[in-house]
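Asker: So that you have it, the file is input-v4.cif, and it contains mmCIF, C-alpha atoms and all ligand atoms:
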data_run
#
loop_
_atom_site.group_PDB
_atom_site.id
_atom_site.type_symbol
_atom_site.label_atom_id
_atom_site.label_comp_id
_atom_site.auth_asym_id
_atom_site.auth_seq_id
_atom_site.Cartn_x
_atom_site.Cartn_y
_atom_site.Cartn_z
ATOM 1 C CA MET I 10 2.838 -2.651 25.030
ATOM 2 C CA LYS I 11 2.571 1.125 25.427
ATOM 3 C CA ILE I 12 5.525 2.816 27.098
ATOM 4 C CA ASP I 13 5.471 6.343 28.516
ATOM 5 C CA LEU I 14 8.798 7.861 27.496
ATOM 6 C CA ASN I 15 8.527 10.533 30.206
ATOM 7 C CA LYS I 16 8.860 7.751 32.780
ATOM 8 C CA VAL I 17 11.808 6.249 30.886
ATOM 9 C CA LEU I 18 13.657 9.532 31.463
ATOM 10 C CA GLU I 19 13.471 8.756 35.175
ATOM 11 C CA GLU I 20 14.425 5.104 34.928
ATOM 12 C CA PRO I 21 15.066 2.580 32.125
ATOM 13 C CA PHE I 22 12.026 0.511 31.210
ATOM 14 C CA HIS I 23 12.084 -3.268 30.801
ATOM 15 C CA TRP I 24 9.304 -5.359 29.408
ATOM 16 C CA GLU I 25 8.630 -9.034 28.932
ATOM 17 C CA GLU I 26 5.425 -10.375 27.476
ATOM 18 C CA THR I 27 3.874 -13.154 25.474
ATOM 19 C CA ALA I 28 2.134 -11.563 22.528
ATOM 20 C CA ALA I 29 -0.584 -13.223 20.468
ATOM 21 C CA VAL I 30 -0.406 -12.111 16.836
ATOM 22 C CA ASP I 31 -2.990 -13.095 14.239
ATOM 23 C CA ALA I 32 -0.976 -14.239 11.189
ATOM 24 C CA ALA I 33 -3.788 -13.165 8.862
ATOM 25 C CA THR I 34 -3.255 -9.502 9.820
ATOM 26 C CA LEU I 35 0.403 -9.432 8.758
ATOM 27 C CA GLY I 36 -0.279 -9.263 5.015
ATOM 28 C CA CYS I 37 1.831 -12.304 4.095
ATOM 29 C CA PRO I 38 -0.464 -14.908 2.475
ATOM 30 C CA GLU I 39 2.094 -17.757 2.765
ATOM 31 C CA LEU I 40 2.224 -17.260 6.535
ATOM 32 C CA LEU I 41 -0.423 -19.584 7.968
ATOM 33 C CA GLU I 42 0.115 -19.294 11.693
ATOM 34 C CA VAL I 43 2.243 -17.512 14.283
ATOM 35 C CA GLY I 44 2.599 -19.092 17.709
ATOM 36 C CA PRO I 45 2.714 -17.067 20.923
ATOM 37 C CA VAL I 46 5.593 -14.589 20.637
ATOM 38 C CA HIS I 47 7.954 -14.279 23.586
ATOM 39 C CA TRP I 48 8.929 -10.610 23.337
ATOM 40 C CA ARG I 49 11.106 -8.753 25.781
ATOM 41 C CA GLY I 50 13.425 -5.776 25.797
ATOM 42 C CA SER I 51 14.340 -2.426 27.253
ATOM 43 C CA VAL I 52 14.101 1.284 26.539
ATOM 44 C CA GLU I 53 16.748 3.632 27.903
ATOM 45 C CA PRO I 54 17.371 7.342 27.487
ATOM 46 C CA THR I 55 20.294 8.440 25.303
ATOM 47 C CA THR I 56 21.470 11.780 23.905
ATOM 48 C CA GLY I 57 18.536 13.327 22.050
ATOM 49 C CA GLY I 58 16.281 10.322 22.365
ATOM 50 C CA PHE I 59 15.949 6.725 23.508
ATOM 51 C CA VAL I 60 17.449 3.368 22.666
ATOM 52 C CA LEU I 61 15.135 0.390 22.300
ATOM 53 C CA ARG I 62 16.498 -3.134 22.296
ATOM 54 C CA GLY I 63 14.214 -6.121 21.908
ATOM 55 C CA ARG I 64 14.462 -9.875 21.486
ATOM 56 C CA PHE I 65 11.772 -12.247 20.303
ATOM 57 C CA ASP I 66 11.209 -15.932 19.665
ATOM 58 C CA TYR I 67 8.224 -17.891 18.394
ATOM 59 C CA GLU I 68 7.160 -20.567 15.933
ATOM 60 C CA GLN I 69 5.734 -19.824 12.516
ATOM 61 C CA THR I 70 3.858 -22.052 10.111
ATOM 62 C CA VAL I 71 4.348 -21.395 6.420
ATOM 63 C CA ALA I 72 2.857 -23.185 3.399
ATOM 64 C CA CYS I 73 5.463 -25.139 1.402
ATOM 65 C CA PRO I 74 5.661 -23.334 -1.973
ATOM 66 C CA ARG I 75 5.758 -26.647 -3.881
ATOM 67 C CA CYS I 76 3.191 -28.880 -2.187
ATOM 68 C CA MET I 77 1.303 -26.321 -0.008
ATOM 69 C CA GLU I 78 1.820 -28.529 3.051
ATOM 70 C CA PRO I 79 2.213 -26.485 6.269
ATOM 71 C CA THR I 80 5.744 -26.365 7.673
ATOM 72 C CA THR I 81 6.563 -25.082 11.152
ATOM 73 C CA GLU I 82 9.923 -23.604 12.122
ATOM 74 C CA PRO I 83 11.278 -21.753 15.144
ATOM 75 C CA VAL I 84 12.263 -18.098 14.723
ATOM 76 C CA ASP I 85 14.277 -15.843 16.972
ATOM 77 C CA GLY I 86 15.849 -12.468 16.453
ATOM 78 C CA GLU I 87 16.526 -9.073 17.852
ATOM 79 C CA VAL I 88 15.823 -5.476 17.014
ATOM 80 C CA GLY I 89 17.595 -2.254 17.955
ATOM 81 C CA LEU I 90 16.171 1.216 17.363
ATOM 82 C CA ILE I 91 16.874 4.827 18.193
ATOM 83 C CA VAL I 92 13.603 6.490 19.211
ATOM 84 C CA VAL I 93 13.166 10.253 18.927
ATOM 85 C CA VAL I 94 10.147 12.438 19.619
ATOM 86 C CA GLU I 95 9.339 15.138 17.043
ATOM 87 C CA ARG I 96 6.098 16.956 17.612
ATOM 88 C CA SER I 97 6.304 19.009 14.403
ATOM 89 C CA GLN I 98 6.108 15.845 12.355
ATOM 90 C CA PRO I 99 3.349 16.258 9.725
ATOM 91 C CA THR I 100 2.245 12.599 9.711
ATOM 92 C CA ALA I 101 1.189 12.572 13.339
ATOM 93 C CA GLY I 102 0.474 9.175 14.773
ATOM 94 C CA GLU I 103 2.187 7.348 11.940
ATOM 95 C CA TYR I 104 4.794 4.752 12.544
ATOM 96 C CA GLU I 105 7.881 5.842 10.639
ATOM 97 C CA LEU I 106 11.335 4.351 10.358
ATOM 98 C CA ARG I 107 14.312 6.275 9.102
ATOM 99 C CA GLY I 108 16.897 3.932 7.710
ATOM 100 C CA ASP I 109 20.438 5.025 8.540
ATOM 101 C CA ASP I 110 23.100 2.843 10.056
ATOM 102 C CA LEU I 111 20.904 2.566 13.082
ATOM 103 C CA ASN I 112 17.180 2.571 12.449
ATOM 104 C CA THR I 113 15.461 5.574 13.907
ATOM 105 C CA LEU I 114 11.831 5.567 14.908
ATOM 106 C CA VAL I 115 10.271 9.027 14.948
ATOM 107 C CA LEU I 116 7.272 9.520 17.231
ATOM 108 C CA PRO I 117 4.917 12.507 17.429
ATOM 109 C CA GLY I 118 4.583 12.170 21.208
ATOM 110 C CA GLU I 119 5.897 10.463 24.328
ATOM 111 C CA GLU I 120 3.926 7.262 23.876
ATOM 112 C CA LEU I 121 5.950 4.387 22.410
ATOM 113 C CA ASP I 122 3.966 1.347 21.258
ATOM 114 C CA THR I 123 6.074 -1.805 20.887
ATOM 115 C CA GLU I 124 3.409 -3.677 18.921
ATOM 116 C CA PRO I 125 4.101 -2.181 15.437
ATOM 117 C CA ILE I 126 7.818 -2.823 16.002
ATOM 118 C CA LEU I 127 7.153 -6.484 16.733
ATOM 119 C CA ARG I 128 4.734 -6.831 13.812
ATOM 120 C CA GLU I 129 7.369 -5.470 11.431
ATOM 121 C CA GLN I 130 9.898 -8.009 12.725
ATOM 122 C CA LEU I 131 7.435 -10.849 12.172
ATOM 123 C CA GLN I 132 6.904 -9.694 8.576
ATOM 124 C CA LEU I 133 10.668 -9.507 7.991
ATOM 125 C CA ASN I 134 11.080 -13.071 9.247
ATOM 126 C CA VAL I 135 8.646 -14.683 6.819
ATOM 127 C CA PRO I 136 10.943 -16.859 4.670
ATOM 128 C CA MET I 137 11.011 -16.355 0.910
ATOM 129 C CA ARG I 138 10.924 -20.110 0.253
ATOM 130 C CA LEU I 139 10.559 -22.565 3.076
ATOM 131 C CA LEU I 140 10.270 -26.052 1.562
ATOM 132 C CA CYS I 141 8.732 -28.800 3.718
ATOM 133 C CA ARG I 142 11.905 -30.738 2.869
ATOM 134 C CA GLU I 143 14.821 -30.207 0.485
ATOM 135 C CA ASP I 144 13.616 -32.781 -2.041
ATOM 136 C CA CYS I 145 9.915 -31.932 -1.899
ATOM 137 C CA GLN I 146 8.288 -33.512 -4.952
ATOM 138 C CA GLY I 147 5.473 -30.976 -5.069
ATOM 139 C CA LEU I 148 1.992 -31.489 -6.452
ATOM 140 C CA CYS I 149 1.324 -33.436 -9.617
ATOM 141 C CA PRO I 150 0.507 -30.862 -12.329
ATOM 142 C CA VAL I 151 -1.941 -33.301 -13.897
ATOM 143 C CA CYS I 152 -4.048 -34.623 -11.001
ATOM 144 C CA GLY I 153 -2.941 -32.352 -8.118
ATOM 145 C CA LYS I 154 -1.946 -35.169 -5.764
ATOM 146 C CA ASN I 155 0.885 -34.576 -3.328
ATOM 147 C CA ARG I 156 3.762 -36.581 -4.794
ATOM 148 C CA ASN I 157 5.497 -36.789 -1.418
ATOM 149 C CA HIS I 158 2.698 -39.040 -0.175
ATOM 150 C CA GLU I 159 1.515 -40.961 -3.213
ATOM 151 C CA THR I 160 2.510 -41.829 -6.729
ATOM 152 C CA CYS I 161 -0.318 -41.191 -9.113
ATOM 153 C CA GLY I 162 1.107 -42.586 -12.366
ATOM 154 C CA CYS I 163 0.444 -39.386 -14.309
ATOM 155 C CA THR I 164 4.063 -39.197 -15.544
ATOM 156 C CA GLU I 165 3.545 -42.273 -17.754
ATOM 157 C CA GLN I 166 0.551 -40.644 -19.394
ATOM 158 C CA ARG I 167 2.630 -37.638 -20.286
ATOM 159 C CA SER I 168 4.929 -39.537 -22.662
ATOM 160 C CA ASP I 169 3.710 -39.068 -26.224
ATOM 161 C CA PRO I 170 2.825 -42.298 -28.100
ATOM 162 C CA ARG I 171 4.430 -40.849 -31.254
ATOM 163 C CA TRP I 172 7.808 -40.804 -29.476
ATOM 164 C CA ALA I 173 7.308 -44.438 -28.521
ATOM 165 C CA ALA I 174 6.734 -45.270 -32.223
ATOM 166 C CA LEU I 175 9.892 -43.384 -33.169
ATOM 167 C CA ALA I 176 11.892 -45.220 -30.532
ATOM 168 C CA ALA I 177 10.604 -48.527 -31.915
ATOM 169 C CA LEU I 178 11.598 -47.448 -35.434
ATOM 170 C CA ARG I 179 15.096 -46.558 -34.231
ATOM 171 C CA GLY I 180 15.331 -49.943 -32.648
ATOM 172 C CA ASP I 181 14.386 -51.553 -35.996
ATOM 173 C CA LEU I 182 17.052 -49.558 -37.854
ATOM 174 C CA ARG I 183 19.656 -50.570 -35.304
ATOM 175 C CA ASN I 184 18.722 -54.208 -35.746
ATOM 176 C CA GLU I 185 19.182 -53.980 -39.527
ATOM 177 C CA GLU I 186 22.725 -52.671 -39.226
HETATM 178 ZN ZN ZN L 201 6.539 -29.482 0.101
HETATM 179 ZN ZN ZN L 202 -0.981 -37.135 -10.958
#
Could I get this file's structure written as structure tokens?
Ligand SMILES: [Zn+2]
Ligand SMILES: [Zn+2]
Answerer:
Amino acid sequence: MKIDLNKVLEEPFHWEETAAVDAATLGCPELLEVGPVHWRGSVEPTTGGFVLRGRFDYEQTVACPRCMEPTTEPVDGEVGLIVVVERSQPTAGEYELRGDDLNTLVLPGEELDTEPILREQLQLNVPMRLLCREDCQGLCPVCGKNRNHETCGCTEQRSDPRWAALAALRGDLRNEE
């Protein structure tokens, strides 16, 4: 949503929209899908600039890092920014955040686009490790089957026959004692 800050000077602006975001464009490979994003907020004038407050909620689908199975979870959050207009800014048109106590967004003109702000929030809300369940068994390293759904019997094959011989020998020794 593009907001004309000149109009905000006259009266505070409120928006509410359902945004469709293509997960593939967010640069997070583990993020498979982003549902429609309910995104609303306001922009109001303040001393030397504007205050933006936004809230969002949606569902995201992320690949389980162990078994690659898709997992969907609800996300909601909020964002607050100070917006200032600086025409002398060398990187005109660029989206720039200054990190102080309150994040400041510097714009080269009076047009405020809420889309990059939302996209950044979606990126920040991609979980580092979202397991499909706490005790996810993952994929079998031998045959690649999903161990949550089937047992493949590969673990038995992994035990070395030489160890079995040794165990038998130990058993013999114990019997002689
Ligand atoms: Zn899993
Ligand atoms: Zn296996």
Asker: Restrict the calculation to all atoms listed in the file, then for each residue of chain I with any atom at most 12 Å from an atom of ligand ZN 201 (chain L) give the closest atom pair and their distance in Å to one decimal, rows by chain and rising residue number, as CSV.
Answerer:
residue,atom,partner,partner_atom,distance
I:Val71,CA,L:ZN201,ZN,10.5
I:Ala72,CA,L:ZN201,ZN,8.0
I:Cys73,CA,L:ZN201,ZN,4.7
I:Pro74,CA,L:ZN201,ZN,6.5
I:Arg75,CA,L:ZN201,ZN,5.0
I:Cys76,CA,L:ZN201,ZN,4.1
I:Met77,CA,L:ZN201,ZN,6.1
I:Glu78,CA,L:ZN201,ZN,5.6
I:Pro79,CA,L:ZN201,ZN,8.1
I:Thr80,CA,L:ZN201,ZN,8.2
I:Thr81,CA,L:ZN201,ZN,11.9
I:Arg138,CA,L:ZN201,ZN,10.3
I:Leu139,CA,L:ZN201,ZN,8.5
I:Leu140,CA,L:ZN201,ZN,5.3
I:Cys141,CA,L:ZN201,ZN,4.3
I:Arg142,CA,L:ZN201,ZN,6.2
I:Glu143,CA,L:ZN201,ZN,8.3
I:Asp144,CA,L:ZN201,ZN,8.1
I:Cys145,CA,L:ZN201,ZN,4.6
I:Gln146,CA,L:ZN201,ZN,6.7
I:Gly147,CA,L:ZN201,ZN,5.5
I:Leu148,CA,L:ZN201,ZN,8.2
I:Cys149,CA,L:ZN201,ZN,11.7
I:Lys154,CA,L:ZN201,ZN,11.8
I:Asn155,CA,L:ZN201,ZN,8.3
I:Arg156,CA,L:ZN201,ZN,9.1
I:Asn157,CA,L:ZN201,ZN,7.5
I:His158,CA,L:ZN201,ZN,10.3
Asker: Please indicate the distance in Å from CA of Glu19 in chain I to CA of Phe59 in chain I, rounded to one decimal place.
Answerer: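 These two atoms are separated by 12.1 Å.
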Asker: If you measure from CA of Glu68 in chain I to CA of Ile126 in chain I, what distance in Å do you get, rounded to one decimal?
Answerer: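 Going from CA of Glu68 in chain I over to CA of Ile126 in chain I, I get 17.8 Å.
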Asker: Show me, as a list in words, the residues that have an atom within 7 Å of Tyr67 in chain I when counting only C-alpha atoms, minus same-chain residues fewer than 2 positions from it.
Answerer: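 Contacts, in chain order: Gly44, Pro45, Val46, His47, Phe65, Gln69, Pro83, Val84 and Asp85 of chain I.
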Asker: On this structure, the PyMOL selection byres (((chain I and resi 42) around 7) and not hetatm) would catch which residues? List them as a list in words, sorted by chain and number.
Answerer: Ala32, Leu40, Leu41, Val43, Gly44, Gln69 and Thr70 of chain I
Asker: Please, could you write that set of residues out with C-alpha atoms as an mmCIF file, keeping the file's coordinate frame?
Answerer:
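The resulting file, again12.cif, is shown below:
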data_model
loop_
_atom_site.group_PDB
_atom_site.id
_atom_site.type_symbol
_atom_site.label_atom_id
_atom_site.label_comp_id
_atom_site.auth_asym_id
_atom_site.auth_seq_id
_atom_site.Cartn_x
_atom_site.Cartn_y
_atom_site.Cartn_z
ATOM 1 C CA ALA I 32 -0.976 -14.239 11.189
ATOM 2 C CA LEU I 40 2.224 -17.260 6.535
ATOM 3 C CA LEU I 41 -0.423 -19.584 7.968
ATOM 4 C CA VAL I 43 2.243 -17.512 14.283
ATOM 5 C CA GLY I 44 2.599 -19.092 17.709
ATOM 6 C CA GLN I 69 5.734 -19.824 12.516
ATOM 7 C CA THR I 70 3.858 -22.052 10.111
#
Asker: Could you spell out the hits of the PyMOL selection byres (((not hetatm)) within 7 of (chain L and resi 202)) on the shown file, as a VMD selection string?
Answerer: chain I and resid 149 to 154 161 to 163
Asker: Between CA of Thr113 in chain I and CA of Ile12 in chain I, measure the distance and give it in Å to one decimal.
Answerer: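 Spanning CA of Thr113 in chain I to CA of Ile12 in chain I is a straight-line distance of 16.7 Å.
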Asker: Which is closest to Glu25 in chain I among I:Asp66, I:Glu82, I:Glu53, I:Asp13, if we use only C-alpha atoms?
Answerer: I:Asp66
Asker: Could you list as a PyMOL selection string every residue that has an atom within 12 Å of (16.0, 1.4, 27.1), using the file's coordinates and counting all atoms listed in the file?
Answerer: chain I and resi 12-14+16-24+49-55+58-63+89-92+121
Asker: The PyMOL selection byres (((chain I and resi 116) around 7) and not hetatm) on the file shown: which residues, as a VMD selection string?
Answerer: chain I and resid 93 to 95 114 to 115 117 to 118
Asker: Considering all atoms listed in the file, state which residue in the set I:Thr27, I:Gln132, I:Ser97, I:Thr123 is at the smallest distance from Lys11 in chain I.
Answerer: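 Of the candidates, the smallest distance to Lys11 in chain I is held by I:Thr123.
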Asker: List the residues sitting within 10 Å of (0.6, -4.6, 4.3) in the file's frame, using all atoms listed in the file, as number ranges by chain.
Answerer: I: 34-37, 129, 132
Asker: Go through I:Glu159, I:Glu87, I:Glu120, I:Glu39 one by one, measure the shortest atom-to-atom distance of each to Pro136 in chain I using all atoms listed in the file, and give the residue with the smallest value.
Answerer: I:Glu39
